[in-house]
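J.: My questions all concern the structure below.
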Amino acid sequence: MEILGSIRVSIWAVAVVCLAVWGWRFLNWIWLRPKKLERCLRKQGFAGNPYRLLTGDMKDIATMREQAISSPMNFSHDIAPRVIPSINHTIHKYGKNSFMWVGPYPRVHIMDPDQLKAALSLMHDIQKPTINPLARLLFDGLTTHEGPKWVKHRKIMNPAFHFKHLKDMVPAVCESCTEMIRKWEEVVSEEGFYELDVMPHLENLAADVISRTAFGSSYEEGKMIFIRLKELTNLVVQSISTVYISGWRFVPTKSNTRMKKISKELNTLLLDVINKRQRAMMASEAMPTDLLSILLQSNLKKIREQGNNDVGMSIEDIVEECKIFYLAGQETTAMLLVWTMVLLSSYTKWQDRAREEVLQVFGNNKPDFDGLNSLKIVTMILNEVLRLYPPAALLTRLVQNETKLEKLSLPTGVTLSFPIVLIHRDKKIWGDDANEFNPDRFAEGVSKATQNQAGFFPFGWGPRICIGQNFAIIEAKIALSMILQHFSFELSSSYTHAPTSHLTIRPQHGVHIMVRKL
C-alpha cells in the first residue's frame, strides 16, 4: 500500500510540474514575452498600439481589410490603403518607425532601403517566419526552406532557370500565346471594340505556359492540378488570417478536412506527372527542355556525383517544388500581364510606343529570344508596372538571433515587415510623381531610377531573390508583344479599380477591357 501511495504521489507531482511548466510557457507566450519585446521596441523609438492579450491588432486588421475591399476605389495608383490597409494606417499614425501586433507577435515595419538591404542579406540571423502548419499544405519548398535544405534545393534547381534553358522555352510560350490570340480573334470584330474580361484569359495563358514549359504538357492536361491548387489557396488564405493555435490542424473541422483531402489529391496528381516525365526521359536520348525534366536531371546528377541519395531531393521534395512551380509560375506572370493591360489601356500613348517598338523588332513574326533583349520600352513599362503593382504587397522575415541593423537592435522573436507597395511609392526614392505611371523613370535602368538604393524589389532582394523572376519577365515580354501585334485596347466603362491582396495583388472584380483587332 505504501508503494502504491508513493507512486500516486509521484504521478501527482509529475502532473503538477508538467502543468506548471505548460502554464508558464503559455503565460510567457500570451503575455510576458510580448510585453518584454514591446518595451524593447519602444526604448528604441518605435511606436504602435499597446499589446492586447492574445489577439493583438488582429481584430483591427480584419475590420480594416473588410472595410477596404467593400467598395472599389477611384482610378489611382495609391493602392496601399486598399491592399495593406492596417499597415498603411499604422505607418500614417505612428510614422515609419512603427510596429503592429499579429496576435502575440510584434511586426516591425522596415522602410529604410539600407536597412532593408542589410536585413534581406542576413540569411542566418533573419529568416523566413515559421508559417502556419496548414499553409505548408500549399507552400513547403524553396520559398519556405532555410539553412542547408534551402542551399541544397537552390543549387539543384538553379540549372532549370539558366538563360540557356529559358531560351529553349520561347517557342512553347509563343505557342500558348498563339492559342489565346486565336480565341480572341474569334470574338473580336475588326469593325469595332469588343468588351472582354481579360483576367481569366491571361490566367489560363499563364497556366498553359507553366504546364508546357515546366511539365511538357498543356493546360488541359494540368487543369485538375490548377483547379485543386486554386481551391487549396483560398482555404489556406482563410486559415492564415487568424492567430494559429498549436495543434489546431489536427482538429477535424470542415476546412481542415477539405484542405488535407485536396493536398492528398494534389500530391497524387503531381506524382503521376513526375513519374510520366521520368519515363519519357528514360525512353528518349534527346536533352530535356522543360523545367521538371531539367530539375530531375540535375537532382540525379548530384546524387551520382556524391554517391549518396541524401545530397539530392527526395520524391516528396520534388512534389512540393512542383506545387510552387504551378502556383507561383502561373500567378505571378498572370497578374503582371493583367496589370500591364490595365495600365496600357489607360495610358494609350505608352501602348502605342510599345507597339511601335515591338513591330520594329519583330514585325509580324513571333518573338525570339534575342529580340526580347532589345525591347527597351517594353522593359521600362514592365518595370513600372512591377513598381506600382508588384506580385506581393509585402515581405516578412523573423529575427532568429538578436541583430543590429545600423542603429537598431532587433531582439529575437520580432517579425520584420517590408511593405513593398509603400517603399515602391516613397517620394524620397522615386520623386514627387511616385504615385504616377511613368515608365521613363526606368529609361537608364533600375539603378539610376532608384539612385542605387534597394528601393525596387518586386521579386525580393538578396540571396533569396525569386528564382523564377527571369522566367516571368521573358514570358510577360512575349505575351505582351504578341498581344500588341494583333490588338489595340482601352479600359471599358464597366471596369472597376479594386486591387486587393490575395497571395498576390490582383483585381477584385476582373479586368474589363475594350479590345479591337488590328
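Chain identifiers are assigned as A, B, and so on, following the order in which chains appear in the C-alpha cells; residues are numbered from 1 within each chain, and ligands are numbered from 1 in order of appearance.
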Would you tabulate, counting only C-alpha atoms, all residues of region 92-167 of chain A that have an atom at most 12 Å from an atom of region 412-429 of chain A, showing the closest pair of atoms and their distance in Å to one decimal, sorted by chain then ascending number, as JSON lines?

T.:
```
{"residue": "A:His92", "atom": "CA", "partner": "A:Leu422", "partner_atom": "CA", "distance": 11.0}
{"residue": "A:Lys96", "atom": "CA", "partner": "A:Leu422", "partner_atom": "CA", "distance": 10.3}
{"residue": "A:Asn97", "atom": "CA", "partner": "A:Ser417", "partner_atom": "CA", "distance": 11.3}
{"residue": "A:Ser98", "atom": "CA", "partner": "A:Ser417", "partner_atom": "CA", "distance": 10.3}
{"residue": "A:Phe99", "atom": "CA", "partner": "A:Ser417", "partner_atom": "CA", "distance": 8.9}
{"residue": "A:Met100", "atom": "CA", "partner": "A:Thr415", "partner_atom": "CA", "distance": 9.8}
{"residue": "A:Trp101", "atom": "CA", "partner": "A:Thr415", "partner_atom": "CA", "distance": 9.6}
{"residue": "A:Val102", "atom": "CA", "partner": "A:Thr415", "partner_atom": "CA", "distance": 9.2}
{"residue": "A:Gly103", "atom": "CA", "partner": "A:Thr415", "partner_atom": "CA", "distance": 11.6}
{"residue": "A:Pro104", "atom": "CA", "partner": "A:Val414", "partner_atom": "CA", "distance": 10.3}
{"residue": "A:Tyr105", "atom": "CA", "partner": "A:Val414", "partner_atom": "CA", "distance": 6.8}
{"residue": "A:Pro106", "atom": "CA", "partner": "A:Val414", "partner_atom": "CA", "distance": 5.7}
{"residue": "A:Arg107", "atom": "CA", "partner": "A:Thr415", "partner_atom": "CA", "distance": 4.6}
{"residue": "A:Val108", "atom": "CA", "partner": "A:Leu416", "partner_atom": "CA", "distance": 4.9}
{"residue": "A:His109", "atom": "CA", "partner": "A:Ser417", "partner_atom": "CA", "distance": 4.8}
{"residue": "A:Ile110", "atom": "CA", "partner": "A:Phe418", "partner_atom": "CA", "distance": 5.3}
{"residue": "A:Met111", "atom": "CA", "partner": "A:Ile423", "partner_atom": "CA", "distance": 6.3}
{"residue": "A:Asp112", "atom": "CA", "partner": "A:Ile423", "partner_atom": "CA", "distance": 8.2}
{"residue": "A:Pro113", "atom": "CA", "partner": "A:Ile423", "partner_atom": "CA", "distance": 8.1}
{"residue": "A:Asp114", "atom": "CA", "partner": "A:Ile423", "partner_atom": "CA", "distance": 11.9}
{"residue": "A:Gln115", "atom": "CA", "partner": "A:Phe418", "partner_atom": "CA", "distance": 10.0}
{"residue": "A:Leu116", "atom": "CA", "partner": "A:Phe418", "partner_atom": "CA", "distance": 7.2}
{"residue": "A:Lys117", "atom": "CA", "partner": "A:Phe418", "partner_atom": "CA", "distance": 10.4}
{"residue": "A:Ala119", "atom": "CA", "partner": "A:Leu416", "partner_atom": "CA", "distance": 8.8}
{"residue": "A:Leu120", "atom": "CA", "partner": "A:Phe418", "partner_atom": "CA", "distance": 9.7}
{"residue": "A:Asp125", "atom": "CA", "partner": "A:Thr412", "partner_atom": "CA", "distance": 9.0}
{"residue": "A:Ile126", "atom": "CA", "partner": "A:Leu416", "partner_atom": "CA", "distance": 8.8}
{"residue": "A:Gln127", "atom": "CA", "partner": "A:Thr415", "partner_atom": "CA", "distance": 9.5}
{"residue": "A:Lys128", "atom": "CA", "partner": "A:Thr415", "partner_atom": "CA", "distance": 9.3}
{"residue": "A:Pro129", "atom": "CA", "partner": "A:Thr415", "partner_atom": "CA", "distance": 7.4}
{"residue": "A:Thr130", "atom": "CA", "partner": "A:Thr415", "partner_atom": "CA", "distance": 10.3}
```

J.: Please provide the set of residues having any atom within 9 Å of region 217-219 of chain A, restricted to only C-alpha atoms, with same-chain residues fewer than 3 positions apart removed, written as number ranges by chain.

T.: A: 176, 204-214, 222-223, 226

J.: Take the selection from the previous step and output its residues with N, CA and C atoms, as an mmCIF file, in the first residue's frame.

T.:
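Below is the file out_13.cif, written as the result:
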```cif
data_model
loop_
_atom_site.group_PDB
_atom_site.id
_atom_site.type_symbol
_atom_site.label_atom_id
_atom_site.label_comp_id
_atom_site.auth_asym_id
_atom_site.auth_seq_id
_atom_site.Cartn_x
_atom_site.Cartn_y
_atom_site.Cartn_z
ATOM 1 N N SER A 176 1.556 28.937 -76.698
ATOM 2 C CA SER A 176 0.454 29.219 -75.770
ATOM 3 C C SER A 176 -0.198 30.557 -76.112
ATOM 4 N N ASN A 204 -5.418 31.738 -67.702
ATOM 5 C CA ASN A 204 -5.332 30.473 -68.444
ATOM 6 C C ASN A 204 -4.070 30.426 -69.302
ATOM 7 N N LEU A 205 -3.699 31.584 -69.866
ATOM 8 C CA LEU A 205 -2.469 31.650 -70.656
ATOM 9 C C LEU A 205 -1.266 31.286 -69.798
ATOM 10 N N ALA A 206 -1.160 31.945 -68.624
ATOM 11 C CA ALA A 206 -0.022 31.678 -67.737
ATOM 12 C C ALA A 206 -0.026 30.230 -67.261
ATOM 13 N N ALA A 207 -1.219 29.676 -67.046
ATOM 14 C CA ALA A 207 -1.316 28.274 -66.639
ATOM 15 C C ALA A 207 -0.849 27.354 -67.757
ATOM 16 N N ASP A 208 -1.225 27.681 -68.998
ATOM 17 C CA ASP A 208 -0.812 26.870 -70.133
ATOM 18 C C ASP A 208 0.700 26.950 -70.327
ATOM 19 N N VAL A 209 1.247 28.153 -70.159
ATOM 20 C CA VAL A 209 2.700 28.340 -70.312
ATOM 21 C C VAL A 209 3.462 27.519 -69.279
ATOM 22 N N ILE A 210 3.043 27.590 -68.023
ATOM 23 C CA ILE A 210 3.779 26.863 -66.986
ATOM 24 C C ILE A 210 3.616 25.358 -67.187
ATOM 25 N N SER A 211 2.464 24.923 -67.705
ATOM 26 C CA SER A 211 2.272 23.495 -67.984
ATOM 27 C C SER A 211 3.215 23.024 -69.085
ATOM 28 N N ARG A 212 3.328 23.812 -70.155
ATOM 29 C CA ARG A 212 4.181 23.431 -71.285
ATOM 30 C C ARG A 212 5.659 23.502 -70.918
ATOM 31 N N THR A 213 6.063 24.627 -70.312
ATOM 32 C CA THR A 213 7.489 24.856 -70.073
ATOM 33 C C THR A 213 8.021 24.116 -68.859
ATOM 34 N N ALA A 214 7.161 23.915 -67.859
ATOM 35 C CA ALA A 214 7.627 23.258 -66.636
ATOM 36 C C ALA A 214 7.408 21.750 -66.674
ATOM 37 N N GLY A 222 -3.079 19.717 -67.299
ATOM 38 C CA GLY A 222 -2.825 20.114 -65.914
ATOM 39 C C GLY A 222 -3.998 20.806 -65.261
ATOM 40 N N LYS A 223 -5.163 20.771 -65.931
ATOM 41 C CA LYS A 223 -6.326 21.521 -65.453
ATOM 42 C C LYS A 223 -6.736 21.133 -64.043
ATOM 43 N N PHE A 226 -4.510 22.728 -61.436
ATOM 44 C CA PHE A 226 -4.793 24.149 -61.199
ATOM 45 C C PHE A 226 -6.093 24.345 -60.425
#
```

J.: Point out the residue among A:Met123, A:Leu270, A:Met380, A:Ile303 with the least atom-to-atom distance to Lys152 (chain A), counting only C-alpha atoms.

T.: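 Nearest candidate to Lys152 (chain A) out of A:Met123, A:Leu270, A:Met380, A:Ile303: A:Ile303.
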
J.: Kindly give the distance, in Å, that separates CA of Ile240 (chain A) and CA of Ala135 (chain A), rounded to a single decimal.

T.: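 The value is 7.2 Å.
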
J.: Rounded to one decimal, what separation in Å do you get between CA of Pro391 (chain A) and CA of Val338 (chain A)?

T.: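 Value for the CA of Pro391 (chain A)-CA of Val338 (chain A) distance: 11.1 Å.
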
J.: With a cut-off of 10 Å, could you pull out the residues of region 74-167 of chain A touching region 318-328 of chain A and give me the nearest pair of atoms for each, distance in Å to one decimal, using only C-alpha atoms, ordered by chain and ascending number, as JSON lines?

T.:
```
{"residue": "A:Arg136", "atom": "CA", "partner": "A:Glu320", "partner_atom": "CA", "distance": 9.3}
{"residue": "A:Leu137", "atom": "CA", "partner": "A:Glu320", "partner_atom": "CA", "distance": 8.8}
{"residue": "A:Leu138", "atom": "CA", "partner": "A:Lys323", "partner_atom": "CA", "distance": 7.1}
{"residue": "A:Phe139", "atom": "CA", "partner": "A:Ile324", "partner_atom": "CA", "distance": 6.8}
{"residue": "A:Asp140", "atom": "CA", "partner": "A:Glu320", "partner_atom": "CA", "distance": 5.9}
{"residue": "A:Gly141", "atom": "CA", "partner": "A:Glu321", "partner_atom": "CA", "distance": 5.2}
{"residue": "A:Leu142", "atom": "CA", "partner": "A:Glu321", "partner_atom": "CA", "distance": 6.9}
{"residue": "A:Thr143", "atom": "CA", "partner": "A:Ile324", "partner_atom": "CA", "distance": 8.1}
{"residue": "A:His153", "atom": "CA", "partner": "A:Glu321", "partner_atom": "CA", "distance": 9.1}
{"residue": "A:Met157", "atom": "CA", "partner": "A:Glu321", "partner_atom": "CA", "distance": 9.4}
```

J.: If you run DSSP on the backbone, which residues of region 260-471 of chain A are strand (DSSP E), as a list of chain:residue names?

T.: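 Filtering region 260-471 of chain A to strand (DSSP E) leaves A:Leu395, A:Thr396, A:Arg397, A:Leu398, A:Val399, A:Thr403, A:Lys404, A:Leu405, A:Leu408, A:Ser409, A:Leu410, A:Thr415, A:Leu416, A:Ser417, A:Phe418.
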
J.: Can you work out the spacing between CA of Ile377 (chain A) and CA of Thr333 (chain A) in Å, to one decimal?

T.: 18.6 Å

J.: Between A:Thr496, A:Asn28, A:Ser481, A:Asn158, which is the closest to Asp368 (chain A) once you count only C-alpha atoms?

T.: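 Ranked by minimum distance to Asp368 (chain A), first place goes to A:Ser481.
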
J.: List every residue of region 311-459 of chain A that DSSP, applied to the backbone of this structure, places in helix (DSSP H, G or I), and write the result as a count of residues only.

T.: 81

J.: Could you give me, as a PyMOL selection string, the residues within 10 Å of Pro390 (chain A), counting only C-alpha atoms and dropping anything in the same chain fewer than 2 positions from it?

T.: chain A and resi 332+335-336+339+383-388+392-394+420-421+424+456-459+504-506

J.: Filtering to N, CA and C atoms, could you give me those residues as a PDB file, in the first residue's frame?

T.:
```
ATOM      1  N   THR A 332       2.139  34.740 -60.610  1.00  0.00           N
ATOM      2  CA  THR A 332       2.984  35.924 -60.725  1.00  0.00           C
ATOM      3  C   THR A 332       2.911  36.538 -62.118  1.00  0.00           C
ATOM      4  N   MET A 335      -0.689  37.976 -63.127  1.00  0.00           N
ATOM      5  CA  MET A 335      -1.019  39.287 -62.561  1.00  0.00           C
ATOM      6  C   MET A 335      -0.155  40.403 -63.149  1.00  0.00           C
ATOM      7  N   LEU A 336       1.081  40.093 -63.510  1.00  0.00           N
ATOM      8  CA  LEU A 336       1.912  41.093 -64.180  1.00  0.00           C
ATOM      9  C   LEU A 336       1.275  41.491 -65.511  1.00  0.00           C
ATOM     10  N   TRP A 339      -2.117  43.578 -64.885  1.00  0.00           N
ATOM     11  CA  TRP A 339      -1.932  44.993 -64.544  1.00  0.00           C
ATOM     12  C   TRP A 339      -1.290  45.776 -65.690  1.00  0.00           C
ATOM     13  N   ASN A 383       8.762  47.192 -65.788  1.00  0.00           N
ATOM     14  CA  ASN A 383       9.350  47.600 -64.504  1.00  0.00           C
ATOM     15  C   ASN A 383       8.432  48.564 -63.758  1.00  0.00           C
ATOM     16  N   GLU A 384       7.819  49.485 -64.507  1.00  0.00           N
ATOM     17  CA  GLU A 384       6.929  50.449 -63.854  1.00  0.00           C
ATOM     18  C   GLU A 384       5.657  49.766 -63.353  1.00  0.00           C
ATOM     19  N   VAL A 385       5.168  48.785 -64.087  1.00  0.00           N
ATOM     20  CA  VAL A 385       4.014  48.006 -63.612  1.00  0.00           C
ATOM     21  C   VAL A 385       4.385  47.246 -62.341  1.00  0.00           C
ATOM     22  N   LEU A 386       5.563  46.641 -62.327  1.00  0.00           N
ATOM     23  CA  LEU A 386       6.024  45.915 -61.138  1.00  0.00           C
ATOM     24  C   LEU A 386       6.257  46.847 -59.955  1.00  0.00           C
ATOM     25  N   ARG A 387       6.594  48.084 -60.228  1.00  0.00           N
ATOM     26  CA  ARG A 387       6.768  49.052 -59.146  1.00  0.00           C
ATOM     27  C   ARG A 387       5.421  49.387 -58.519  1.00  0.00           C
ATOM     28  N   LEU A 388       4.428  49.674 -59.352  1.00  0.00           N
ATOM     29  CA  LEU A 388       3.125  50.091 -58.844  1.00  0.00           C
ATOM     30  C   LEU A 388       2.252  48.917 -58.390  1.00  0.00           C
ATOM     31  N   ALA A 392       3.692  40.682 -54.752  1.00  0.00           N
ATOM     32  CA  ALA A 392       3.321  40.626 -53.333  1.00  0.00           C
ATOM     33  C   ALA A 392       3.286  42.033 -52.756  1.00  0.00           C
ATOM     34  N   ALA A 393       2.373  42.260 -51.827  1.00  0.00           N
ATOM     35  CA  ALA A 393       2.244  43.576 -51.209  1.00  0.00           C
ATOM     36  C   ALA A 393       3.353  43.843 -50.201  1.00  0.00           C
ATOM     37  N   LEU A 394       3.878  42.773 -49.581  1.00  0.00           N
ATOM     38  CA  LEU A 394       4.943  42.932 -48.587  1.00  0.00           C
ATOM     39  C   LEU A 394       5.724  41.637 -48.453  1.00  0.00           C
ATOM     40  N   ILE A 420       6.271  46.441 -49.596  1.00  0.00           N
ATOM     41  CA  ILE A 420       6.753  46.753 -50.944  1.00  0.00           C
ATOM     42  C   ILE A 420       5.953  47.886 -51.572  1.00  0.00           C
ATOM     43  N   VAL A 421       4.630  47.847 -51.432  1.00  0.00           N
ATOM     44  CA  VAL A 421       3.813  48.855 -52.114  1.00  0.00           C
ATOM     45  C   VAL A 421       4.053  50.260 -51.563  1.00  0.00           C
ATOM     46  N   HIS A 424       7.864  51.215 -52.731  1.00  0.00           N
ATOM     47  CA  HIS A 424       7.840  51.497 -54.167  1.00  0.00           C
ATOM     48  C   HIS A 424       7.191  52.850 -54.490  1.00  0.00           C
ATOM     49  N   PHE A 456      13.634  49.066 -55.142  1.00  0.00           N
ATOM     50  CA  PHE A 456      12.836  48.352 -56.135  1.00  0.00           C
ATOM     51  C   PHE A 456      13.100  46.862 -55.961  1.00  0.00           C
ATOM     52  N   PHE A 457      12.135  46.138 -55.414  1.00  0.00           N
ATOM     53  CA  PHE A 457      12.349  44.712 -55.135  1.00  0.00           C
ATOM     54  C   PHE A 457      11.056  43.913 -55.316  1.00  0.00           C
ATOM     55  N   PRO A 458      10.466  43.958 -56.523  1.00  0.00           N
ATOM     56  CA  PRO A 458       9.214  43.228 -56.754  1.00  0.00           C
ATOM     57  C   PRO A 458       9.348  41.724 -56.616  1.00  0.00           C
ATOM     58  N   PHE A 459      10.572  41.200 -56.806  1.00  0.00           N
ATOM     59  CA  PHE A 459      10.801  39.762 -56.676  1.00  0.00           C
ATOM     60  C   PHE A 459      11.675  39.443 -55.461  1.00  0.00           C
ATOM     61  N   THR A 504      -1.246  37.306 -54.097  1.00  0.00           N
ATOM     62  CA  THR A 504      -0.666  38.343 -54.946  1.00  0.00           C
ATOM     63  C   THR A 504      -1.629  39.526 -54.985  1.00  0.00           C
ATOM     64  N   ILE A 505      -1.158  40.654 -55.536  1.00  0.00           N
ATOM     65  CA  ILE A 505      -2.040  41.800 -55.733  1.00  0.00           C
ATOM     66  C   ILE A 505      -2.810  41.564 -57.025  1.00  0.00           C
ATOM     67  N   ARG A 506      -4.126  41.483 -56.913  1.00  0.00           N
ATOM     68  CA  ARG A 506      -4.948  41.142 -58.070  1.00  0.00           C
ATOM     69  C   ARG A 506      -6.224  41.970 -58.091  1.00  0.00           C
TER      70      ARG A 506
END
```

J.: For Phe161 (chain A), please output as a VMD selection string all residues within 8 Å (counting only C-alpha atoms; exclusion window: fewer than 6 positions along the same chain).

T.: chain A and resid 291 467 to 468 470 to 471

J.: Save out the residues we just selected, C-alpha atoms, as a PDB file, in the first residue's frame.

T.:
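This is the output file out_35.pdb:
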```pdb
ATOM      1  CA  LEU A 291      11.787  22.669 -66.101  1.00  0.00           C
ATOM      2  CA  ILE A 467      14.481  32.070 -58.707  1.00  0.00           C
ATOM      3  CA  GLY A 468      11.807  32.446 -61.402  1.00  0.00           C
ATOM      4  CA  ASN A 470      13.708  35.958 -65.384  1.00  0.00           C
ATOM      5  CA  PHE A 471      11.214  33.319 -66.472  1.00  0.00           C
TER       6      PHE A 471
END
```
